[in-house]
Structures are given as structure tokens and as C-alpha cells.
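S.K.: The structure file input.cif (mmCIF, C-alpha atoms) is provided below.
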data_data
loop_
_atom_site.label_atom_id
_atom_site.label_comp_id
_atom_site.auth_asym_id
_atom_site.auth_seq_id
_atom_site.Cartn_x
_atom_site.Cartn_y
_atom_site.Cartn_z
CA MET A 1 33.39 95.65 121.21
CA SER A 2 35.59 97.69 123.47
CA ALA A 3 39.23 97.17 124.29
CA VAL A 4 40.27 95.21 127.37
CA GLU A 5 42.89 96.81 129.56
CA GLN A 6 44.15 95.30 132.79
CA TYR A 7 46.84 96.59 135.07
CA ALA A 8 49.00 94.13 136.96
CA ARG A 9 52.10 93.92 139.07
CA ALA A 10 54.96 91.77 137.89
CA HIS A 11 58.54 91.10 138.90
CA ILE A 12 61.44 91.82 136.60
CA VAL A 13 63.79 88.86 137.07
CA THR A 14 67.43 89.79 137.67
CA ASP A 15 70.53 88.06 138.96
CA GLU A 16 70.48 90.03 142.23
CA ALA A 17 70.38 88.11 145.50
CA GLN A 18 67.16 89.75 146.72
CA ASP A 19 63.82 89.75 144.96
CA PRO A 20 63.20 92.93 142.99
CA PRO A 21 60.10 94.97 143.85
CA ALA A 22 56.96 94.49 141.78
CA VAL A 23 56.55 96.86 138.84
CA PRO A 24 53.36 98.04 137.14
CA VAL A 25 52.53 96.34 133.85
CA ALA A 26 49.61 96.98 131.49
CA LEU A 27 47.93 94.18 129.57
CA ARG A 28 45.87 95.33 126.58
CA TYR A 29 43.69 93.71 123.98
CA ASP A 30 41.78 95.54 121.25
CA PRO A 31 39.46 93.24 119.28
CA GLU A 32 38.69 95.97 116.75
CA ALA A 33 42.34 96.66 115.93
CA ASP A 34 43.46 93.01 115.85
CA PRO A 35 41.50 90.22 117.55
CA GLN A 36 44.48 87.87 117.46
CA GLN A 37 47.05 90.05 119.28
CA VAL A 38 47.67 91.10 122.89
CA HIS A 39 49.90 93.93 124.12
CA ILE A 40 52.12 93.92 127.20
CA MET A 41 53.48 97.31 128.31
CA LEU A 42 56.48 97.21 130.62
CA PRO A 43 57.88 100.19 132.53
CA GLY A 44 59.96 102.55 130.41
CA HIS A 45 57.49 102.52 127.49
CA HIS A 46 58.47 99.04 126.30
CA GLU A 47 55.55 97.47 124.46
CA TRP A 48 55.41 93.90 123.18
CA VAL A 49 52.73 92.67 120.80
CA PHE A 50 52.22 88.96 120.20
CA ALA A 51 49.56 86.36 119.49
CA ARG A 52 46.94 85.80 122.14
CA ASP A 53 47.29 82.06 121.40
CA LEU A 54 50.95 82.22 122.42
CA LEU A 55 49.97 83.59 125.83
CA GLU A 56 47.40 80.85 126.30
CA GLN A 57 49.83 78.10 125.23
CA GLY A 58 52.62 79.47 127.41
CA LEU A 59 50.50 79.15 130.54
CA ARG A 60 50.34 75.36 130.02
CA ALA A 61 53.77 74.54 128.55
CA PRO A 62 56.81 76.41 127.21
CA ALA A 63 55.90 78.31 124.05
CA ALA A 64 57.80 80.74 121.83
CA ALA A 65 57.27 82.86 118.75
CA GLY A 66 59.78 85.36 117.44
CA ASP A 67 61.21 87.44 120.27
CA VAL A 68 58.72 86.27 122.92
CA ARG A 69 58.94 83.16 125.10
CA ILE A 70 56.41 82.18 127.78
CA TRP A 71 56.39 79.26 130.18
CA PRO A 72 54.72 78.18 133.43
CA CYS A 73 56.85 78.47 136.56
CA GLY A 74 55.47 76.19 139.23
CA ARG A 75 51.75 76.13 139.95
CA VAL A 76 51.08 79.84 140.44
CA GLN A 77 53.49 81.80 138.26
CA ALA A 78 54.37 82.27 134.61
CA VAL A 79 57.44 83.79 133.04
CA MET A 80 57.66 85.92 129.91
CA GLU A 81 60.98 86.54 128.20
CA PHE A 82 61.23 89.39 125.69
CA HIS A 83 64.25 89.70 123.37
CA SER A 84 65.28 92.92 121.62
CA ALA A 85 68.39 94.57 120.24
CA ARG A 86 68.82 96.22 123.67
CA GLY A 87 68.84 92.91 125.53
CA VAL A 88 66.47 90.53 127.26
CA ALA A 89 63.73 91.31 129.78
CA VAL A 90 62.42 88.47 131.93
CA VAL A 91 59.16 89.15 133.74
CA GLN A 92 57.35 86.93 136.24
CA PHE A 93 53.55 87.13 136.64
CA GLU A 94 50.98 85.43 138.80
CA THR A 95 49.27 82.96 136.48
CA LYS A 96 45.80 83.89 137.76
CA THR A 97 46.36 87.47 136.55
CA LEU A 98 47.10 86.29 133.02
CA ILE A 99 44.20 83.80 133.04
CA ARG A 100 41.81 86.57 134.14
CA PHE A 101 43.09 88.78 131.33
CA LEU A 102 42.68 85.99 128.74
CA ARG A 103 39.11 85.33 129.87
CA ARG A 104 38.28 89.00 129.47
CA THR A 105 39.76 89.00 125.94
CA TYR A 106 37.60 86.06 124.90
CA MET A 107 34.50 87.75 126.27
CA ALA A 108 35.35 90.88 124.26
CA THR A 109 36.01 89.09 120.97
CA PRO A 110 33.18 88.92 118.46
CA VAL A 111 32.26 85.27 117.78
CA SER A 112 33.12 85.61 114.07
CA SER A 113 36.70 86.64 114.98
CA GLN A 114 37.41 83.65 117.24
CA SER A 115 37.53 81.13 114.39
#
Now, as a test, write the supplied structure out as C-alpha cells.
M.R.:
Amino acid sequence: MSAVEQYARAHIVTDEAQDPPAVPVALRYDPEADPQQVHIMLPGHHEWVFARDLLEQGLRAPAAAGDVRIWPCGRVQAVMEFHSARGVAVVQFETKTLIRFLRRTYMATPVSSQS
């Protein structure tokens, strides 16, 4: 199976009065390397790796594992919060983008790995 890579636009959430511009984000899944993990690459070479199940759960209800928190934000958006020694990054995505990515990951996963 080949890796799934999807590029998206997301908004970095800040405390500024105006909405920040959208930034490019890469979503990656490699079933051969680890069929249980997804990768999110933020601008500035910041990469987060976490369980694909966490992403799926976070689209329905608040979910957290380690330094990653995900929750739905209204009907059409989802928020991811990434914690590190350098601080916290909060990123807002369109939910349909993340759902499309998840669907592609499940199509790329060998059946024996989904159990």
C-alpha cells in the first residue's frame, strides 16, 4: 500500500482581533511504516505524530492523548491543540478536510492491520 498525503489549509488560532490567514498544512499517513499513526506537519517544520483513532474520536467529541488534543468546533470545524516545550499551537481545520483524509487512510490500510 502507498502512503496517503493530503495538503490542506488551516488557521492558526491566536488572540489577535482579526482572523489570521490560512496556512498550508500537510496530513500524512503511511500504512507500511505504522498503520495506527497519522502525521500533521505545520509550517516551520513542526511535525506531530499521533494515533489515527484519536483524530477520528476528536471529530465527534473532545479527545486527548499525550500532547495532542482534538475537539469539534461547531458543525463544520475541528480544533487541534499541540503542546510542546516551546509552547502551544492551536490549529483550526474544516472538518470535511479531516474526514476526507481519514477515509483515504482507511482505504490505504491493509485489512489485516485494521484490527
S.K.: What is the distance between atom CA of A:Val79 and atom CA of A:Leu27, in Å to one decimal?
M.R.: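 About the pair atom CA of A:Val79 and atom CA of A:Leu27: they are 14.5 Å apart.
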S.K.: Taking 4 positions as the minimum chain separation for residues in the same chain, which residues sit within 12 Å of A:Ile12 when counting all atoms listed in the file? Answer as a PDB file with C-alpha atoms, in the frame of the given file.
M.R.:
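Final file, part14.pdb:
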ATOM      1  CA  GLU A  16      70.480  90.030 142.230  1.00  0.00           C
ATOM      2  CA  GLN A  18      67.160  89.750 146.720  1.00  0.00           C
ATOM      3  CA  ASP A  19      63.820  89.750 144.960  1.00  0.00           C
ATOM      4  CA  PRO A  20      63.200  92.930 142.990  1.00  0.00           C
ATOM      5  CA  PRO A  21      60.100  94.970 143.850  1.00  0.00           C
ATOM      6  CA  ALA A  22      56.960  94.490 141.780  1.00  0.00           C
ATOM      7  CA  VAL A  23      56.550  96.860 138.840  1.00  0.00           C
ATOM      8  CA  PRO A  24      53.360  98.040 137.140  1.00  0.00           C
ATOM      9  CA  VAL A  25      52.530  96.340 133.850  1.00  0.00           C
ATOM     10  CA  LEU A  42      56.480  97.210 130.620  1.00  0.00           C
ATOM     11  CA  PRO A  43      57.880 100.190 132.530  1.00  0.00           C
ATOM     12  CA  VAL A  79      57.440  83.790 133.040  1.00  0.00           C
ATOM     13  CA  MET A  80      57.660  85.920 129.910  1.00  0.00           C
ATOM     14  CA  GLU A  81      60.980  86.540 128.200  1.00  0.00           C
ATOM     15  CA  PHE A  82      61.230  89.390 125.690  1.00  0.00           C
ATOM     16  CA  VAL A  88      66.470  90.530 127.260  1.00  0.00           C
ATOM     17  CA  ALA A  89      63.730  91.310 129.780  1.00  0.00           C
ATOM     18  CA  VAL A  90      62.420  88.470 131.930  1.00  0.00           C
ATOM     19  CA  VAL A  91      59.160  89.150 133.740  1.00  0.00           C
ATOM     20  CA  GLN A  92      57.350  86.930 136.240  1.00  0.00           C
ATOM     21  CA  PHE A  93      53.550  87.130 136.640  1.00  0.00           C
TER      22      PHE A  93
END
S.K.: When you count all atoms listed in the file, which of these residues is closest to A:Ile70: A:Thr105, A:Thr95, A:Gln6, A:Gln37?
M.R.: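 Going through A:Thr105, A:Thr95, A:Gln6, A:Gln37 one by one, the smallest distance to A:Ile70 is for A:Thr95.
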S.K.: Which distance in Å separates atom CA of A:Trp71 and atom CA of A:Ser84, to one decimal?
M.R.: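 It comes out at 18.4 Å.
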S.K.: Please write the residues picked by the PyMOL selection byres ((chain A and resi 40) around 9) on this file as a list in words.
M.R.: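 This file, filtered by the PyMOL selection byres ((chain A and resi 40) around 9), leaves Val25, Ala26, Leu27, Arg28, Val38, His39, Met41, Leu42, His46, Glu47, Trp48, Val49 and Phe50 of chain A.
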S.K.: Just so the selection is clear, what residues does the PyMOL selection byres ((chain A and resi 65) around 9) cover here, as a PyMOL selection string?
M.R.: chain A and resi 50-51+54+63-64+66-69
S.K.: Between atom CA of A:Gly74 and atom CA of A:His45, measure the distance and give it in Å to one decimal.
M.R.: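 Computing it gives 28.9 Å between the two atoms.
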S.K.: Can you tell me, as a list in words, what residues are no more than 8 Å from A:Ala108 when counting only C-alpha atoms, ignoring any on the same chain fewer than 5 positions away?
M.R.: Met1, Ser2, Ala3, Val4 and Pro31 of chain A
S.K.: Take every atom of stretch 66-75 of chain A listed in the file, pad by 3 Å on each side, and give me the axis-aligned box centre and edge lengths in Å, one decimal, as AutoDock Vina command-line options.
M.R.:
--center_x 56.5 --center_y 81.8 --center_z 128.7 --size_x 15.5 --size_y 17.3 --size_z 28.5
S.K.: For A:Val76, which of A:Asp30, A:Glu5, A:Lys96, A:Gly44 is the closest residue, counting all atoms listed in the file?
M.R.: A:Lys96
S.K.: So which residues fall inside 10 Å of (45.3, 84.9, 129.5) if we count all atoms listed in the file? Mind giving them as a PDB file with C-alpha atoms, in the coordinates of the input?
M.R.:
ATOM      1  CA  LEU A  27      47.930  94.180 129.570  1.00  0.00           C
ATOM      2  CA  VAL A  38      47.670  91.100 122.890  1.00  0.00           C
ATOM      3  CA  ARG A  52      46.940  85.800 122.140  1.00  0.00           C
ATOM      4  CA  ASP A  53      47.290  82.060 121.400  1.00  0.00           C
ATOM      5  CA  LEU A  54      50.950  82.220 122.420  1.00  0.00           C
ATOM      6  CA  LEU A  55      49.970  83.590 125.830  1.00  0.00           C
ATOM      7  CA  GLU A  56      47.400  80.850 126.300  1.00  0.00           C
ATOM      8  CA  GLN A  57      49.830  78.100 125.230  1.00  0.00           C
ATOM      9  CA  GLY A  58      52.620  79.470 127.410  1.00  0.00           C
ATOM     10  CA  LEU A  59      50.500  79.150 130.540  1.00  0.00           C
ATOM     11  CA  THR A  95      49.270  82.960 136.480  1.00  0.00           C
ATOM     12  CA  LYS A  96      45.800  83.890 137.760  1.00  0.00           C
ATOM     13  CA  THR A  97      46.360  87.470 136.550  1.00  0.00           C
ATOM     14  CA  LEU A  98      47.100  86.290 133.020  1.00  0.00           C
ATOM     15  CA  ILE A  99      44.200  83.800 133.040  1.00  0.00           C
ATOM     16  CA  ARG A 100      41.810  86.570 134.140  1.00  0.00           C
ATOM     17  CA  PHE A 101      43.090  88.780 131.330  1.00  0.00           C
ATOM     18  CA  LEU A 102      42.680  85.990 128.740  1.00  0.00           C
ATOM     19  CA  ARG A 103      39.110  85.330 129.870  1.00  0.00           C
ATOM     20  CA  ARG A 104      38.280  89.000 129.470  1.00  0.00           C
ATOM     21  CA  THR A 105      39.760  89.000 125.940  1.00  0.00           C
ATOM     22  CA  TYR A 106      37.600  86.060 124.900  1.00  0.00           C
TER      23      TYR A 106
END
S.K.: Take stretch 11-107 of chain A from the preceding structure and save C-alpha atoms as a PDB file, in the first residue's frame.
M.R.:
ATOM      1  CA  HIS A  11      -5.932  28.605  10.632  1.00  0.00           C
ATOM      2  CA  ILE A  12      -3.508  29.063  13.491  1.00  0.00           C
ATOM      3  CA  VAL A  13      -5.645  30.375  16.356  1.00  0.00           C
ATOM      4  CA  THR A  14      -4.234  33.434  18.119  1.00  0.00           C
ATOM      5  CA  ASP A  15      -5.530  36.096  20.471  1.00  0.00           C
ATOM      6  CA  GLU A  16      -5.426  38.786  17.768  1.00  0.00           C
ATOM      7  CA  ALA A  17      -8.622  40.666  16.953  1.00  0.00           C
ATOM      8  CA  GLN A  18      -8.627  39.696  13.269  1.00  0.00           C
ATOM      9  CA  ASP A  19      -8.625  36.202  11.846  1.00  0.00           C
ATOM     10  CA  PRO A  20      -5.156  35.013  10.856  1.00  0.00           C
ATOM     11  CA  PRO A  21      -4.623  33.957   7.245  1.00  0.00           C
ATOM     12  CA  ALA A  22      -4.834  30.273   6.366  1.00  0.00           C
ATOM     13  CA  VAL A  23      -1.542  28.375   6.419  1.00  0.00           C
ATOM     14  CA  PRO A  24      -0.533  25.255   4.487  1.00  0.00           C
ATOM     15  CA  VAL A  25      -0.622  22.015   6.462  1.00  0.00           C
ATOM     16  CA  ALA A  26       0.309  18.505   5.325  1.00  0.00           C
ATOM     17  CA  LEU A  27      -1.572  15.441   6.539  1.00  0.00           C
ATOM     18  CA  ARG A  28       0.305  12.160   6.081  1.00  0.00           C
ATOM     19  CA  TYR A  29      -0.374   8.510   6.713  1.00  0.00           C
ATOM     20  CA  ASP A  30       1.991   5.652   5.887  1.00  0.00           C
ATOM     21  CA  PRO A  31       0.398   2.227   6.429  1.00  0.00           C
ATOM     22  CA  GLU A  32       3.709   0.454   5.840  1.00  0.00           C
ATOM     23  CA  ALA A  33       5.592   2.462   8.466  1.00  0.00           C
ATOM     24  CA  ASP A  34       2.826   2.428  11.103  1.00  0.00           C
ATOM     25  CA  PRO A  35      -0.825   1.759  10.240  1.00  0.00           C
ATOM     26  CA  GLN A  36      -2.022   3.228  13.541  1.00  0.00           C
ATOM     27  CA  GLN A  37      -0.397   6.690  13.298  1.00  0.00           C
ATOM     28  CA  VAL A  38      -1.069   9.894  11.346  1.00  0.00           C
ATOM     29  CA  HIS A  39       1.291  12.832  10.854  1.00  0.00           C
ATOM     30  CA  ILE A  40       0.390  16.518  10.817  1.00  0.00           C
ATOM     31  CA  MET A  41       3.062  18.896   9.503  1.00  0.00           C
ATOM     32  CA  LEU A  42       2.635  22.544  10.443  1.00  0.00           C
ATOM     33  CA  PRO A  43       4.596  25.447   8.958  1.00  0.00           C
ATOM     34  CA  GLY A  44       8.110  25.804  10.334  1.00  0.00           C
ATOM     35  CA  HIS A  45       8.847  22.060  10.133  1.00  0.00           C
ATOM     36  CA  HIS A  46       6.725  21.170  13.162  1.00  0.00           C
ATOM     37  CA  GLU A  47       5.536  17.583  12.859  1.00  0.00           C
ATOM     38  CA  TRP A  48       3.098  15.856  15.193  1.00  0.00           C
ATOM     39  CA  VAL A  49       2.513  12.113  15.169  1.00  0.00           C
ATOM     40  CA  PHE A  50      -0.458  10.603  16.973  1.00  0.00           C
ATOM     41  CA  ALA A  51      -2.985   7.788  16.779  1.00  0.00           C
ATOM     42  CA  ARG A  52      -5.373   7.799  13.862  1.00  0.00           C
ATOM     43  CA  ASP A  53      -8.092   6.753  16.344  1.00  0.00           C
ATOM     44  CA  LEU A  54      -7.521   9.978  18.288  1.00  0.00           C
ATOM     45  CA  LEU A  55      -8.226  12.021  15.160  1.00  0.00           C
ATOM     46  CA  GLU A  56     -11.406  10.077  14.493  1.00  0.00           C
ATOM     47  CA  GLN A  57     -12.614  10.392  18.102  1.00  0.00           C
ATOM     48  CA  GLY A  58     -11.792  14.101  18.232  1.00  0.00           C
ATOM     49  CA  LEU A  59     -14.073  14.839  15.298  1.00  0.00           C
ATOM     50  CA  ARG A  60     -17.068  13.605  17.343  1.00  0.00           C
ATOM     51  CA  ALA A  61     -16.206  14.699  20.894  1.00  0.00           C
ATOM     52  CA  PRO A  62     -13.234  16.161  22.780  1.00  0.00           C
ATOM     53  CA  ALA A  63     -10.353  13.679  22.831  1.00  0.00           C
ATOM     54  CA  ALA A  64      -6.780  13.862  24.097  1.00  0.00           C
ATOM     55  CA  ALA A  65      -3.658  11.736  24.265  1.00  0.00           C
ATOM     56  CA  GLY A  66      -0.298  12.991  25.456  1.00  0.00           C
ATOM     57  CA  ASP A  67       0.471  16.390  23.949  1.00  0.00           C
ATOM     58  CA  VAL A  68      -2.399  16.369  21.430  1.00  0.00           C
ATOM     59  CA  ARG A  69      -6.000  17.440  21.999  1.00  0.00           C
ATOM     60  CA  ILE A  70      -8.730  17.456  19.342  1.00  0.00           C
ATOM     61  CA  TRP A  71     -12.336  18.570  19.530  1.00  0.00           C
ATOM     62  CA  PRO A  72     -15.208  19.546  17.227  1.00  0.00           C
ATOM     63  CA  CYS A  73     -15.908  23.265  16.950  1.00  0.00           C
ATOM     64  CA  GLY A  74     -19.448  23.779  15.741  1.00  0.00           C
ATOM     65  CA  ARG A  75     -20.769  21.785  12.798  1.00  0.00           C
ATOM     66  CA  VAL A  76     -18.041  22.425  10.236  1.00  0.00           C
ATOM     67  CA  GLN A  77     -14.749  22.884  12.071  1.00  0.00           C
ATOM     68  CA  ALA A  78     -12.403  20.973  14.339  1.00  0.00           C
ATOM     69  CA  VAL A  79      -9.600  22.225  16.533  1.00  0.00           C
ATOM     70  CA  MET A  80      -6.269  20.566  17.255  1.00  0.00           C
ATOM     71  CA  GLU A  81      -4.104  21.698  20.139  1.00  0.00           C
ATOM     72  CA  PHE A  82      -0.442  20.658  20.196  1.00  0.00           C
ATOM     73  CA  HIS A  83       1.668  21.097  23.346  1.00  0.00           C
ATOM     74  CA  SER A  84       5.476  21.184  23.372  1.00  0.00           C
ATOM     75  CA  ALA A  85       8.303  22.621  25.429  1.00  0.00           C
ATOM     76  CA  ARG A  86       8.175  25.689  23.137  1.00  0.00           C
ATOM     77  CA  GLY A  87       4.506  26.364  23.836  1.00  0.00           C
ATOM     78  CA  VAL A  88       1.081  25.524  22.464  1.00  0.00           C
ATOM     79  CA  ALA A  89      -0.137  25.633  18.869  1.00  0.00           C
ATOM     80  CA  VAL A  90      -3.881  25.715  18.251  1.00  0.00           C
ATOM     81  CA  VAL A  91      -4.978  24.952  14.701  1.00  0.00           C
ATOM     82  CA  GLN A  92      -8.488  25.069  13.257  1.00  0.00           C
ATOM     83  CA  PHE A  93      -9.461  22.840  10.299  1.00  0.00           C
ATOM     84  CA  GLU A  94     -12.564  22.317   8.240  1.00  0.00           C
ATOM     85  CA  THR A  95     -13.986  19.014   9.474  1.00  0.00           C
ATOM     86  CA  LYS A  96     -14.670  17.778   5.938  1.00  0.00           C
ATOM     87  CA  THR A  97     -10.938  18.014   5.167  1.00  0.00           C
ATOM     88  CA  LEU A  98     -10.076  15.759   8.098  1.00  0.00           C
ATOM     89  CA  ILE A  99     -12.906  13.322   7.305  1.00  0.00           C
ATOM     90  CA  ARG A 100     -11.696  13.058   3.694  1.00  0.00           C
ATOM     91  CA  PHE A 101      -8.167  12.358   4.946  1.00  0.00           C
ATOM     92  CA  LEU A 102      -9.403   9.682   7.383  1.00  0.00           C
ATOM     93  CA  ARG A 103     -11.392   7.955   4.639  1.00  0.00           C
ATOM     94  CA  ARG A 104      -8.309   7.838   2.444  1.00  0.00           C
ATOM     95  CA  THR A 105      -6.266   6.326   5.298  1.00  0.00           C
ATOM     96  CA  TYR A 106      -8.792   3.540   5.798  1.00  0.00           C
ATOM     97  CA  MET A 107      -8.795   2.766   2.085  1.00  0.00           C
TER      98      MET A 107
END
